[in-house]
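J.: File structure03.txt below, compact mmCIF, C-alpha atoms:
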# COMPACT_ATOMS: atom_id res chain seq x y z
CA MET A 767 -108.91 12.25 -120.45
CA PRO A 768 -111.87 14.31 -121.76
CA SER A 769 -111.08 17.87 -122.78
CA SER A 770 -112.96 19.40 -119.83
CA TYR A 771 -110.67 17.59 -117.41
CA GLN A 772 -107.58 18.40 -119.46
CA ALA A 773 -108.46 22.08 -119.31
CA ILE A 774 -108.40 22.32 -115.52
CA PHE A 775 -104.87 20.91 -115.41
CA ALA A 776 -103.57 23.69 -117.64
CA ALA A 777 -102.86 25.80 -114.54
CA PRO A 778 -99.31 25.27 -113.20
CA GLY A 779 -98.99 22.95 -110.23
CA THR A 780 -102.45 21.40 -110.47
CA ARG A 781 -101.25 17.93 -111.43
CA GLY A 782 -98.81 17.87 -108.55
CA PHE A 783 -101.17 18.82 -105.75
CA SER A 784 -103.96 16.60 -107.08
CA ALA A 785 -101.60 13.60 -107.18
CA ALA A 786 -100.40 14.37 -103.65
CA GLY A 787 -104.03 14.62 -102.58
CA LEU A 788 -104.73 11.17 -104.01
CA LEU A 789 -101.90 9.65 -101.99
CA GLY A 790 -102.80 11.55 -98.82
CA ARG A 791 -106.45 10.54 -99.05
CA MET A 792 -105.85 6.80 -99.37
CA PRO A 793 -106.08 6.40 -95.57
CA LEU A 794 -109.65 7.72 -95.79
CA ALA A 795 -110.62 4.44 -97.45
CA MET A 796 -108.02 2.22 -95.80
CA MET A 797 -107.81 3.06 -92.12
CA GLY A 798 -111.34 2.38 -90.88
CA ILE A 799 -111.86 -0.82 -92.84
CA GLY A 800 -108.26 -1.81 -92.04
CA ILE A 801 -108.96 -1.52 -88.31
CA VAL A 802 -112.15 -3.55 -88.69
CA THR A 803 -110.27 -6.26 -90.59
CA MET A 804 -107.30 -6.23 -88.20
CA ILE A 805 -109.35 -6.50 -85.02
CA SER A 806 -111.68 -9.13 -86.46
CA GLN A 807 -108.63 -11.15 -87.54
CA LEU A 808 -106.94 -10.87 -84.14
CA THR A 809 -109.98 -11.19 -81.85
CA GLY A 810 -113.02 -12.19 -83.93
CA ARG A 811 -114.99 -9.37 -82.22
CA TYR A 812 -116.87 -7.25 -84.74
CA GLY A 813 -118.42 -5.16 -81.98
CA LEU A 814 -114.97 -4.09 -80.77
CA ALA A 815 -113.80 -3.57 -84.34
CA GLY A 816 -116.75 -1.33 -85.15
CA ALA A 817 -116.36 0.60 -81.90
CA LEU A 818 -112.68 1.31 -82.59
CA SER A 819 -113.48 2.43 -86.12
CA ALA A 820 -116.18 4.66 -84.65
CA THR A 821 -113.74 6.12 -82.13
CA LEU A 822 -111.33 6.99 -84.92
CA ALA A 823 -114.09 8.63 -86.93
CA LEU A 824 -115.46 10.61 -83.98
CA SER A 825 -111.99 11.82 -83.05
CA ALA A 826 -111.38 12.94 -86.62
CA ALA A 827 -114.76 14.66 -86.56
CA ALA A 828 -113.82 16.61 -83.44
CA LEU A 829 -110.27 17.52 -84.46
CA GLY A 830 -110.62 17.93 -88.24
CA PRO A 831 -112.48 21.28 -88.29
CA GLN A 832 -110.10 22.72 -85.69
CA ILE A 833 -107.11 21.73 -87.82
CA SER A 834 -108.75 23.27 -90.88
CA ARG A 835 -109.56 26.47 -88.99
CA LEU A 836 -105.86 26.77 -88.14
CA VAL A 837 -105.05 26.14 -91.82
CA ASP A 838 -107.33 29.01 -92.87
CA ARG A 839 -105.46 31.27 -90.44
CA HIS A 840 -101.86 30.09 -90.81
CA GLY A 841 -101.59 28.13 -94.07
CA GLN A 842 -101.43 24.44 -94.95
CA ALA A 843 -97.72 23.77 -94.52
CA ARG A 844 -97.44 25.18 -90.98
CA VAL A 845 -100.38 23.14 -89.66
CA LEU A 846 -100.62 19.89 -91.61
CA ARG A 847 -97.15 18.52 -90.95
CA PRO A 848 -97.26 18.49 -87.12
CA ALA A 849 -100.87 17.24 -87.13
CA THR A 850 -99.89 14.37 -89.41
CA LEU A 851 -96.95 13.36 -87.23
CA VAL A 852 -99.27 13.09 -84.23
CA ALA A 853 -101.72 10.95 -86.20
CA VAL A 854 -99.02 8.61 -87.51
CA ALA A 855 -97.53 8.15 -84.03
CA ALA A 856 -100.98 7.26 -82.66
CA VAL A 857 -101.58 4.72 -85.44
CA ALA A 858 -98.24 3.10 -84.59
CA GLY A 859 -99.30 2.82 -80.95
CA LEU A 860 -102.64 1.28 -81.95
CA LEU A 861 -100.98 -1.38 -84.09
CA ILE A 862 -98.46 -2.29 -81.40
CA CYS A 863 -101.16 -2.62 -78.74
CA ALA A 864 -103.37 -4.71 -81.03
CA GLN A 865 -100.52 -7.01 -81.95
CA ARG A 866 -99.49 -7.53 -78.33
CA GLY A 867 -103.02 -8.09 -77.08
CA ALA A 868 -103.03 -5.03 -74.83
CA PRO A 869 -106.18 -4.12 -72.86
CA ASP A 870 -109.06 -2.74 -74.88
CA TRP A 871 -108.81 0.72 -73.32
CA THR A 872 -105.34 1.21 -74.81
CA LEU A 873 -106.74 0.53 -78.27
CA PHE A 874 -109.38 3.22 -77.77
CA VAL A 875 -106.80 5.75 -76.54
CA PHE A 876 -104.62 5.33 -79.63
CA ALA A 877 -107.64 5.18 -81.95
CA ALA A 878 -108.71 8.56 -80.59
CA GLY A 879 -105.21 9.96 -81.14
CA SER A 880 -105.26 8.71 -84.71
CA GLY A 881 -108.12 11.12 -85.37
CA CYS A 882 -105.65 13.99 -85.59
CA VAL A 883 -105.48 13.28 -89.33
CA PRO A 884 -106.04 16.38 -91.50
CA SER A 885 -108.78 16.53 -94.15
CA VAL A 886 -106.51 16.26 -97.19
CA GLY A 887 -109.46 16.39 -99.58
CA SER A 888 -110.53 19.76 -98.19
CA MET A 889 -106.98 21.08 -98.59
CA VAL A 890 -106.88 20.07 -102.24
CA ARG A 891 -110.34 21.49 -102.98
CA ALA A 892 -109.34 24.76 -101.34
CA ARG A 893 -106.44 24.97 -103.80
CA TRP A 894 -108.79 24.42 -106.74
CA ALA A 895 -111.13 27.09 -105.37
CA ALA A 896 -108.26 29.57 -105.11
CA ILE A 897 -107.18 28.91 -108.70
CA TYR A 898 -110.61 28.88 -110.38
CA ARG A 899 -112.59 31.28 -108.22
CA GLY A 900 -114.75 33.22 -110.68
CA SER A 901 -114.60 30.43 -113.29
CA PRO A 902 -117.77 28.41 -112.63
CA ARG A 903 -117.38 25.66 -115.23
CA GLU A 904 -113.74 24.97 -114.43
CA LEU A 905 -114.44 24.87 -110.70
CA HIS A 906 -117.36 22.48 -111.23
CA THR A 907 -115.11 20.18 -113.26
CA ALA A 908 -112.36 20.43 -110.64
CA TYR A 909 -114.74 19.45 -107.86
CA ALA A 910 -115.97 16.56 -109.99
CA TRP A 911 -112.39 15.46 -110.57
CA GLU A 912 -111.69 15.42 -106.85
CA SER A 913 -114.80 13.33 -106.28
CA ILE A 914 -113.44 10.89 -108.85
CA VAL A 915 -110.15 10.83 -106.91
CA ASP A 916 -112.10 10.12 -103.73
CA GLU A 917 -113.76 7.16 -105.39
CA LEU A 918 -110.47 5.89 -106.78
CA CYS A 919 -109.31 5.77 -103.17
CA PHE A 920 -112.40 3.80 -102.21
CA ILE A 921 -111.95 1.44 -105.18
CA PHE A 922 -108.34 0.55 -104.42
CA GLY A 923 -108.04 1.42 -100.72
CA PRO A 924 -110.22 -1.40 -99.33
CA ILE A 925 -108.68 -3.90 -101.76
CA ILE A 926 -105.20 -2.99 -100.57
CA SER A 927 -106.09 -2.74 -96.89
CA ILE A 928 -108.21 -5.89 -96.58
CA GLY A 929 -105.97 -7.80 -99.00
CA LEU A 930 -102.78 -7.07 -97.09
CA SER A 931 -104.36 -7.69 -93.68
CA THR A 932 -105.77 -11.07 -94.73
CA ALA A 933 -102.90 -12.28 -96.91
CA TRP A 934 -99.86 -10.85 -95.10
CA PHE A 935 -100.40 -9.90 -91.44
CA PRO A 936 -103.41 -8.27 -89.70
CA GLU A 937 -101.74 -4.91 -89.08
CA ALA A 938 -100.53 -4.47 -92.67
CA GLY A 939 -103.51 -2.47 -93.96
CA PRO A 940 -103.52 0.29 -91.30
CA LEU A 941 -99.73 0.41 -91.39
CA LEU A 942 -99.62 1.16 -95.11
CA ALA A 943 -102.42 3.71 -94.67
CA ALA A 944 -100.25 5.63 -92.21
CA VAL A 945 -97.35 5.57 -94.67
CA PHE A 946 -99.59 6.93 -97.44
CA LEU A 947 -100.82 9.72 -95.16
CA LEU A 948 -97.33 10.83 -94.19
CA ALA A 949 -96.01 10.74 -97.76
CA GLY A 950 -99.05 12.52 -99.21
CA VAL A 951 -99.04 15.37 -96.70
CA VAL A 952 -95.30 15.95 -97.02
CA TRP A 953 -95.61 16.03 -100.81
CA LEU A 954 -98.65 18.34 -100.74
CA THR A 955 -97.20 20.84 -98.29
CA ALA A 956 -93.95 20.99 -100.25
CA GLN A 957 -95.91 22.58 -103.13
CA ARG A 958 -96.05 26.12 -101.79
CA ALA A 959 -96.83 27.88 -105.10
CA THR A 960 -100.43 26.63 -105.16
CA GLU A 961 -101.08 26.86 -101.43
CA PRO A 962 -103.94 29.30 -100.68
CA VAL A 963 -102.69 32.45 -99.02
CA PRO A 964 -104.13 32.86 -95.49
CA GLN A 965 -106.39 35.89 -95.16
CA PRO A 966 -105.34 38.74 -92.83
CA LYS A 967 -106.16 38.19 -89.16
CA GLU A 968 -108.64 41.05 -89.07
CA GLN A 969 -110.83 39.20 -91.60
CA HIS A 970 -111.11 36.10 -89.43
CA THR A 971 -114.20 37.23 -87.54
CA GLY A 972 -117.68 35.88 -86.94
CA GLY A 973 -116.81 32.60 -85.20
CA SER A 974 -117.18 29.17 -86.75
CA ALA A 975 -118.23 28.48 -90.32
CA LEU A 976 -121.14 26.58 -88.77
CA ARG A 977 -122.88 29.92 -88.25
CA SER A 978 -124.11 29.45 -91.81
CA PRO A 979 -127.59 27.83 -91.72
CA GLY A 980 -126.95 26.23 -95.11
CA LEU A 981 -123.76 24.58 -93.89
CA ARG A 982 -125.57 23.23 -90.84
CA VAL A 983 -128.12 21.54 -93.11
CA LEU A 984 -125.37 19.97 -95.21
CA VAL A 985 -123.48 18.71 -92.16
CA ALA A 986 -126.59 17.29 -90.49
CA THR A 987 -127.55 15.45 -93.66
CA PHE A 988 -124.03 14.13 -94.05
CA VAL A 989 -124.12 12.65 -90.56
CA ALA A 990 -126.90 10.36 -91.74
CA THR A 991 -125.17 9.80 -95.09
CA GLY A 992 -122.00 8.77 -93.27
CA GLY A 993 -124.10 6.24 -91.38
CA ILE A 994 -124.82 4.60 -94.73
CA PHE A 995 -121.14 4.37 -95.64
CA GLY A 996 -119.95 3.14 -92.22
CA ALA A 997 -122.62 0.48 -91.98
CA VAL A 998 -122.11 -0.79 -95.53
CA ASP A 999 -118.37 -1.24 -94.91
CA VAL A 1000 -118.74 -3.25 -91.71
CA VAL A 1001 -121.71 -5.35 -92.81
CA THR A 1002 -120.15 -6.19 -96.17
CA VAL A 1003 -117.01 -7.57 -94.50
CA ALA A 1004 -119.18 -9.69 -92.21
CA PHE A 1005 -121.44 -10.74 -95.09
CA ALA A 1006 -118.45 -11.96 -97.12
CA GLU A 1007 -116.98 -13.79 -94.12
CA GLU A 1008 -120.26 -15.62 -93.44
CA ARG A 1009 -120.08 -16.96 -96.98
CA GLY A 1010 -116.46 -18.01 -96.63
CA HIS A 1011 -114.92 -15.31 -98.82
CA LYS A 1012 -113.84 -12.53 -96.45
CA ALA A 1013 -111.15 -11.17 -98.80
CA ALA A 1014 -113.83 -10.69 -101.49
CA ALA A 1015 -115.35 -7.91 -99.37
CA SER A 1016 -112.71 -5.55 -100.73
CA LEU A 1017 -113.79 -6.30 -104.31
CA VAL A 1018 -117.46 -5.79 -103.50
CA LEU A 1019 -116.73 -2.45 -101.81
CA ALA A 1020 -114.58 -1.48 -104.79
CA VAL A 1021 -117.57 -2.05 -107.08
CA TYR A 1022 -119.58 0.29 -104.84
CA ALA A 1023 -116.93 2.98 -105.32
CA LEU A 1024 -116.67 2.22 -109.05
CA GLY A 1025 -120.32 3.11 -109.56
CA SER A 1026 -119.72 6.47 -107.88
CA CYS A 1027 -116.51 7.04 -109.85
CA LEU A 1028 -118.20 6.49 -113.23
CA ALA A 1029 -121.09 8.74 -112.26
CA GLY A 1030 -118.61 11.41 -111.19
CA VAL A 1031 -116.81 11.27 -114.54
CA VAL A 1032 -120.03 11.88 -116.44
CA PHE A 1033 -121.29 14.51 -114.01
CA GLY A 1034 -118.09 16.52 -114.33
CA LEU A 1035 -118.62 16.83 -118.09
CA LEU A 1036 -122.09 18.31 -117.68
CA HIS A 1037 -122.73 22.04 -117.46
CA LEU A 1038 -126.01 22.14 -115.61
CA THR A 1039 -128.12 25.18 -114.85
CA GLY A 1040 -130.86 25.67 -112.32
CA PRO A 1041 -130.75 25.34 -108.53
CA ALA A 1042 -127.97 23.15 -107.17
CA SER A 1043 -130.00 22.75 -103.99
CA ARG A 1044 -132.66 20.83 -105.91
CA ARG A 1045 -130.11 18.47 -107.46
CA TRP A 1046 -128.60 17.94 -104.03
CA LEU A 1047 -131.98 16.96 -102.58
CA VAL A 1048 -132.60 14.50 -105.42
CA GLY A 1049 -129.14 12.99 -104.89
CA VAL A 1050 -129.66 12.46 -101.16
CA CYS A 1051 -133.03 10.81 -101.77
CA ALA A 1052 -131.53 8.58 -104.47
CA MET A 1053 -128.85 7.39 -102.03
CA ALA A 1054 -131.54 6.55 -99.49
CA VAL A 1055 -133.67 4.56 -101.92
CA SER A 1056 -130.64 2.67 -103.26
CA MET A 1057 -130.10 1.02 -99.86
CA ILE A 1058 -133.38 -0.91 -100.01
CA PRO A 1059 -132.22 -3.65 -102.47
CA LEU A 1060 -129.39 -4.61 -100.11
CA GLN A 1061 -132.01 -6.31 -97.94
CA LEU A 1062 -132.54 -8.83 -100.75
CA ALA A 1063 -128.88 -9.76 -101.23
CA GLY A 1064 -128.41 -13.48 -100.80
CA ASN A 1065 -124.97 -13.81 -102.36
CA LEU A 1066 -121.92 -11.71 -103.18
CA PRO A 1067 -122.61 -11.21 -106.94
CA PHE A 1068 -126.10 -9.83 -106.24
CA LEU A 1069 -124.69 -7.63 -103.48
CA ALA A 1070 -122.01 -6.28 -105.84
CA VAL A 1071 -124.61 -5.32 -108.45
CA ALA A 1072 -126.82 -3.65 -105.86
CA LEU A 1073 -123.90 -1.66 -104.47
CA PHE A 1074 -122.78 -0.59 -107.96
CA VAL A 1075 -126.22 0.89 -108.61
CA ALA A 1076 -126.21 2.49 -105.16
CA GLY A 1077 -122.87 4.11 -105.91
CA LEU A 1078 -124.18 6.00 -108.93
CA SER A 1079 -125.73 8.71 -106.77
CA ILE A 1080 -122.74 9.34 -104.51
CA ALA A 1081 -120.27 11.42 -106.53
CA PRO A 1082 -122.85 13.78 -108.08
CA THR A 1083 -124.23 14.48 -104.61
CA MET A 1084 -120.75 15.11 -103.23
CA VAL A 1085 -119.84 17.49 -106.06
CA THR A 1086 -123.03 19.47 -105.52
CA THR A 1087 -122.38 19.56 -101.79
CA MET A 1088 -118.94 21.10 -102.24
CA ALA A 1089 -120.43 23.72 -104.56
CA LEU A 1090 -123.05 24.58 -101.97
CA VAL A 1091 -120.39 24.86 -99.26
CA GLU A 1092 -118.37 27.22 -101.46
CA ALA A 1093 -121.51 29.28 -101.99
CA HIS A 1094 -122.69 29.47 -98.38
CA VAL A 1095 -119.41 29.86 -96.45
CA PRO A 1096 -117.20 32.99 -96.38
CA ARG A 1097 -113.91 32.71 -98.23
CA THR A 1098 -111.85 33.05 -95.03
CA LYS A 1099 -113.56 29.92 -93.65
CA LEU A 1100 -113.72 27.81 -96.82
CA THR A 1101 -111.34 25.05 -95.73
CA GLU A 1102 -113.09 24.81 -92.38
CA GLY A 1103 -116.48 24.71 -94.09
CA MET A 1104 -115.45 21.89 -96.40
CA THR A 1105 -114.00 20.01 -93.47
CA TRP A 1106 -117.26 20.30 -91.53
CA THR A 1107 -118.98 18.26 -94.24
CA SER A 1108 -116.25 15.64 -93.88
CA THR A 1109 -116.81 15.83 -90.13
CA GLY A 1110 -120.50 15.12 -90.61
CA LEU A 1111 -119.60 12.09 -92.69
CA ALA A 1112 -117.07 10.96 -90.08
CA VAL A 1113 -119.60 11.17 -87.26
CA GLY A 1114 -122.08 9.24 -89.38
CA VAL A 1115 -119.48 6.61 -90.27
CA ALA A 1116 -118.75 6.22 -86.57
CA LEU A 1117 -122.40 5.77 -85.67
CA GLY A 1118 -123.12 3.55 -88.66
CA SER A 1119 -120.12 1.28 -88.24
CA SER A 1120 -120.69 0.92 -84.50
CA ALA A 1121 -124.41 0.19 -84.89
CA ALA A 1122 -123.75 -2.23 -87.73
CA GLY A 1123 -121.09 -4.06 -85.73
CA TRP A 1124 -123.45 -4.67 -82.83
CA VAL A 1125 -126.29 -5.76 -85.13
CA VAL A 1126 -124.00 -8.20 -86.93
CA ASP A 1127 -122.82 -9.68 -83.62
CA ALA A 1128 -126.40 -10.01 -82.41
CA ALA A 1129 -128.33 -11.06 -85.53
CA GLY A 1130 -125.92 -11.73 -88.40
CA ALA A 1131 -124.77 -9.85 -91.49
CA GLN A 1132 -128.05 -9.98 -93.41
CA ALA A 1133 -129.83 -8.15 -90.58
CA GLY A 1134 -127.02 -5.62 -90.53
CA TYR A 1135 -128.13 -4.12 -93.86
CA ALA A 1136 -131.13 -2.65 -92.05
CA VAL A 1137 -128.74 -0.07 -90.58
CA PRO A 1138 -127.88 1.70 -93.89
CA VAL A 1139 -131.57 1.61 -94.85
CA ALA A 1140 -132.46 3.44 -91.63
CA ALA A 1141 -129.59 5.90 -92.09
CA GLY A 1142 -130.72 6.66 -95.63
CA ALA A 1143 -134.25 7.36 -94.45
CA VAL A 1144 -132.95 9.80 -91.84
CA ALA A 1145 -130.78 11.56 -94.46
CA ALA A 1146 -133.76 12.06 -96.76
CA VAL A 1147 -135.93 13.46 -93.96
CA VAL A 1148 -133.23 15.90 -92.81
CA ALA A 1149 -132.60 17.01 -96.40
CA PHE A 1150 -136.30 17.72 -96.95
CA LEU A 1151 -136.61 19.66 -93.71
CA GLY A 1152 -133.52 21.78 -94.40
CA TYR A 1153 -133.96 22.29 -98.14
CA ARG A 1154 -135.35 25.82 -97.87
CA ARG A 1155 -132.22 27.01 -96.05
CA LEU A 1156 -130.07 25.97 -99.00
CA ARG A 1157 -132.31 28.01 -101.29
CA GLY A 1158 -131.92 31.12 -99.12
CA PRO A 1159 -129.63 34.11 -99.73
CA VAL A 1160 -126.02 33.30 -100.52
CA PRO A 1161 -123.39 35.03 -98.33
CA THR A 1162 -120.78 37.33 -99.78
CA ARG A 1163 -117.28 35.99 -100.25
CA GLY A 1164 -115.59 38.30 -97.79
CA GLY A 1165 -114.19 37.62 -94.37
CA HIS A 1166 -117.25 38.10 -92.18
CA GLY A 1167 -119.37 35.46 -90.55
CA ALA A 1168 -121.92 33.73 -92.69
CA ASP A 1169 -124.87 35.18 -90.83
CA ASP A 1170 -123.51 38.71 -91.13
CA ASP A 1171 -122.86 38.17 -94.82
CA ARG A 1172 -126.35 36.91 -95.36
CA GLU A 1173 -127.82 39.96 -93.66
CA SER A 1174 -125.79 42.24 -95.91
CA GLU A 1175 -127.18 40.49 -98.95
CA GLY A 1176 -130.71 41.66 -98.16
CA ARG A 1177 -133.81 39.57 -98.39
CA GLU A 1178 -133.78 38.50 -102.03
CA ARG A 1179 -133.87 34.77 -102.60
CA ASN A 1180 -131.34 33.15 -104.89
CA ASP A 1181 -130.52 29.70 -106.11
CA THR A 1182 -127.04 28.61 -107.06
CA ASP A 1183 -125.60 26.60 -109.90
CA GLU A 1184 -122.99 23.91 -109.35
CA THR A 1185 -120.26 26.38 -108.38
CA GLY A 1186 -122.26 28.86 -106.37
CA GLU A 1187 -122.98 31.27 -109.24
CA ARG A 1188 -126.42 32.81 -109.04
CA VAL A 1189 -129.05 31.90 -111.56
CA ALA A 1190 -132.55 33.19 -112.09
Now, as a test, write the supplied structure out as structure tokens.

T.:
Amino acid sequence: MPSSYQAIFAAPGTRGFSAAGLLGRMPLAMMGIGIVTMISQLTGRYGLAGALSATLALSAAALGPQISRLVDRHGQARVLRPATLVAVAAVAGLLICAQRGAPDWTLFVFAAGSGCVPSVGSMVRARWAAIYRGSPRELHTAYAWESIVDELCFIFGPIISIGLSTAWFPEAGPLLAAVFLLAGVVWLTAQRATEPVPQPKEQHTGGSALRSPGLRVLVATFVATGGIFGAVDVVTVAFAEERGHKAAASLVLAVYALGSCLAGVVFGLLHLTGPASRRWLVGVCAMAVSMIPLQLAGNLPFLAVALFVAGLSIAPTMVTTMALVEAHVPRTKLTEGMTWTSTGLAVGVALGSSAAGWVVDAAGAQAGYAVPVAAGAVAAVVAFLGYRRLRGPVPTRGGHGADDDRESEGRERNDTDETGERVA
């Protein structure tokens, strides 16, 4: 491990909560694709599979920020454990109904209940922020490390989920994802020494973290970005099945995540200066452009290469996004703010996977790759339109609402570096 990454683990407890976060985040990469694989195996209906995956994502989008808001007020241990139990029980109901051929509406009910899953990645990043607040380089490296962990989940998660569901029994992938979630959350919440201390109640004022204009830009852009990810997952499974190698979809998606992982490793070693907002805009545009070659994919090897290249822009953009969230959201709402970006992605994944499923059913997998191209174009347009808000005044780190904080900062314009520190 490079010295920069070794340095951030010098703080006590960091290895433990990061490892727990890895385990607890595996369902992020396993559950949606596992449901798609399971339903397509049991029914052959990609439209239904995509719609159920979308329902799960939309439910998580609605419930995730509320869970994180409670975490900011009451602490991780008190909130995450009951929320996780509800999610795991709902997943169990979904699998039973799918296996027994229950009516479609029952599948949607349990898929919605499964959205009560907490944003484990936001919980882990909030712990890093509490430890390295005021240490820009270490916090940048920590955020990069967590992006690498995210990509490790997306490298191995689809392989495990699709592999088990195709080689063992259809429900195996989502089932193991639920086990990972339960084990990861229990392990994480048992580590109380590194848990961020909830701020006093009187500091929790100003409403939602979404009052920050900068955060609204990030979330809106991530809705379109999530459309890329959701569509790529569904279409790639269908693309591989059309060519008689459905199980190979997990390997192709792993290559996509590998490109992001390698880019994240390098990015975490860099100590960049200048406006983070500009790097974020470049990253979003790069993701959009990288979707175009997918239209030319005629076989799985070409598709794997194209997705590897596309993945190179993901982790750097995610790292920069977390830095911008930390800069534009008050400290008392940090976990909620980070979760809102995940919510944007979840909504986008829902829309992208659902749209892709219907396109695949109607016109085939090759036509389905038009969906991530369209989503990328929307992301780039939204990023351009909202760019000036990310270059605006940065709120203070107190407990007031983002708009109030911005007003107290005055009218000077500031850019931020990768961890929210001001630069000329």

J.: Report, as AutoDock Vina command-line options, the axis-aligned box around all atoms of segment 832-843 of chain A present in the file, extended by 8 Å on each side; give centre and edge lengths in Å to one decimal place.

T.:
--center_x -103.9 --center_y 26.5 --center_z -90.3 --size_x 28.4 --size_y 25.5 --size_z 25.3

J.: Which one is closest to Ala910 of chain A: A:Ser1026, A:Thr960, A:Thr780, A:Gln1061? Count only C-alpha atoms.

T.: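 Smallest distance to Ala910 of chain A is found for A:Ser1026.
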
J.: Between A:Leu948, A:Ala785, A:Leu822, A:Ala1131, which one has atoms that come closest to Ala855 of chain A, using only C-alpha atoms?

T.: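 Using only C-alpha atoms, Ala855 of chain A sits closest to A:Leu948.
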
J.: Excluding Val989 of chain A and residues on its chain fewer than 2 positions from it, collect all residues at most 10 Å away from it, counting only C-alpha atoms, and give them as a ChimeraX atom specification.

T.: /A:984-987,991-994,1107-1118,1141,1144-1145,1148

J.: Could you name the residues that touch Leu1062 of chain A at 12 Å or less, counting only C-alpha atoms, but leaving out those on the same chain fewer than 4 positions away, as a list in words?

T.: Ser1056, Met1057, Ile1058, Leu1066, Pro1067, Phe1068, Leu1069, Ala1070, Val1071, Ala1072, Leu1073, Gln1132, Ala1133, Tyr1135 and Ala1136 of chain A

J.: Mind giving me the straight-line distance from atom CA of Gly980 of chain A to atom CA of Arg1155 of chain A in Å, one decimal?

T.: 5.4 Å

J.: Restricting the calculation to only C-alpha atoms, which member of A:Ala820, A:Ala908, A:Val945, A:Leu808 is positioned closest to Pro793 of chain A?

T.: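 Selected residue with least distance to Pro793 of chain A: A:Val945.
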
J.: Rounded to one decimal, what separation in Å do you get between atom CA of Ser885 of chain A and atom CA of Trp911 of chain A?

T.: 16.8 Å

J.: A:Ala959, A:Thr1105, A:Asp870, A:His1037: which is nearest Val883 of chain A, counting all atoms listed in the file?

T.: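 Smallest distance to Val883 of chain A is found for A:Thr1105.
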
J.: Within 8 Å of Thr1101 of chain A, counting only C-alpha atoms, which residues qualify if same-chain residues fewer than 2 places away don't, as number ranges by chain?

T.: A: 834-835, 837-838, 888-889, 892, 1099, 1103-1105

J.: Between atom CA of Ile897 of chain A and atom CA of Glu917 of chain A, measure the distance and give it in Å to one decimal.

T.: 23.0 Å

J.: If we count only C-alpha atoms and set the cut-off at 10 Å, which residues sit around segment 795-802 of chain A, ignoring sequence neighbours fewer than 5 positions away in its own chain? Please answer as a VMD selection string.

T.: chain A and resid 807 810 to 823 857 860 to 861 864 877 880 916 to 932 936 to 944 946 996 999 to 1000 1003 to 1004 1016 1115 to 1116 1119 1123

J.: Give as a list of chain:residue names each residue that has an atom at most 12 Å from (-119.6, 5.6, -114.2) in the file, counting only C-alpha atoms.

T.: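 With a cut-off of 12 Å, the residues come to A:Ile914, A:Glu917, A:Leu918, A:Val1021, A:Tyr1022, A:Ala1023, A:Leu1024, A:Gly1025, A:Ser1026, A:Cys1027, A:Leu1028, A:Ala1029, A:Gly1030, A:Val1031, A:Val1032, A:Phe1033, A:Gly1034, A:Leu1035, A:Phe1074, A:Val1075, A:Ala1076, A:Gly1077, A:Leu1078, A:Ser1079, A:Ile1080, A:Ala1081, A:Pro1082.
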
J.: Which one of A:Ala827, A:Ala777, A:Val983, A:Met1088 sits closest to Gly1152 of chain A if you count only C-alpha atoms?

T.: A:Val983

J.: Can segment 830-839 of chain A be brought up to N, CA and C atoms and written out as a PDB file, keeping the file's coordinate frame?

T.:
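Output contents, as saved in part-v9.pdb:
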ATOM      1  N   GLY A 830    -110.789  17.486 -86.867  1.00  0.00           N
ATOM      2  CA  GLY A 830    -110.620  17.930 -88.240  1.00  0.00           C
ATOM      3  C   GLY A 830    -110.969  19.395 -88.482  1.00  0.00           C
ATOM      4  N   PRO A 831    -112.148  19.862 -88.055  1.00  0.00           N
ATOM      5  CA  PRO A 831    -112.480  21.280 -88.290  1.00  0.00           C
ATOM      6  C   PRO A 831    -111.535  22.245 -87.569  1.00  0.00           C
ATOM      7  N   GLN A 832    -111.025  21.838 -86.402  1.00  0.00           N
ATOM      8  CA  GLN A 832    -110.100  22.720 -85.690  1.00  0.00           C
ATOM      9  C   GLN A 832    -108.775  22.828 -86.444  1.00  0.00           C
ATOM     10  N   ILE A 833    -108.330  21.696 -87.001  1.00  0.00           N
ATOM     11  CA  ILE A 833    -107.110  21.730 -87.820  1.00  0.00           C
ATOM     12  C   ILE A 833    -107.329  22.605 -89.042  1.00  0.00           C
ATOM     13  N   SER A 834    -108.476  22.474 -89.684  1.00  0.00           N
ATOM     14  CA  SER A 834    -108.750  23.270 -90.880  1.00  0.00           C
ATOM     15  C   SER A 834    -108.913  24.748 -90.556  1.00  0.00           C
ATOM     16  N   ARG A 835    -109.465  25.059 -89.384  1.00  0.00           N
ATOM     17  CA  ARG A 835    -109.560  26.470 -88.990  1.00  0.00           C
ATOM     18  C   ARG A 835    -108.163  27.074 -88.833  1.00  0.00           C
ATOM     19  N   LEU A 836    -107.238  26.302 -88.252  1.00  0.00           N
ATOM     20  CA  LEU A 836    -105.860  26.770 -88.140  1.00  0.00           C
ATOM     21  C   LEU A 836    -105.223  26.930 -89.513  1.00  0.00           C
ATOM     22  N   VAL A 837    -105.572  26.020 -90.446  1.00  0.00           N
ATOM     23  CA  VAL A 837    -105.050  26.140 -91.820  1.00  0.00           C
ATOM     24  C   VAL A 837    -105.523  27.433 -92.461  1.00  0.00           C
ATOM     25  N   ASP A 838    -106.807  27.769 -92.303  1.00  0.00           N
ATOM     26  CA  ASP A 838    -107.330  29.010 -92.870  1.00  0.00           C
ATOM     27  C   ASP A 838    -106.590  30.228 -92.313  1.00  0.00           C
ATOM     28  N   ARG A 839    -106.129  30.137 -91.075  1.00  0.00           N
ATOM     29  CA  ARG A 839    -105.460  31.270 -90.440  1.00  0.00           C
ATOM     30  C   ARG A 839    -103.959  31.311 -90.715  1.00  0.00           C
TER      31      ARG A 839
END
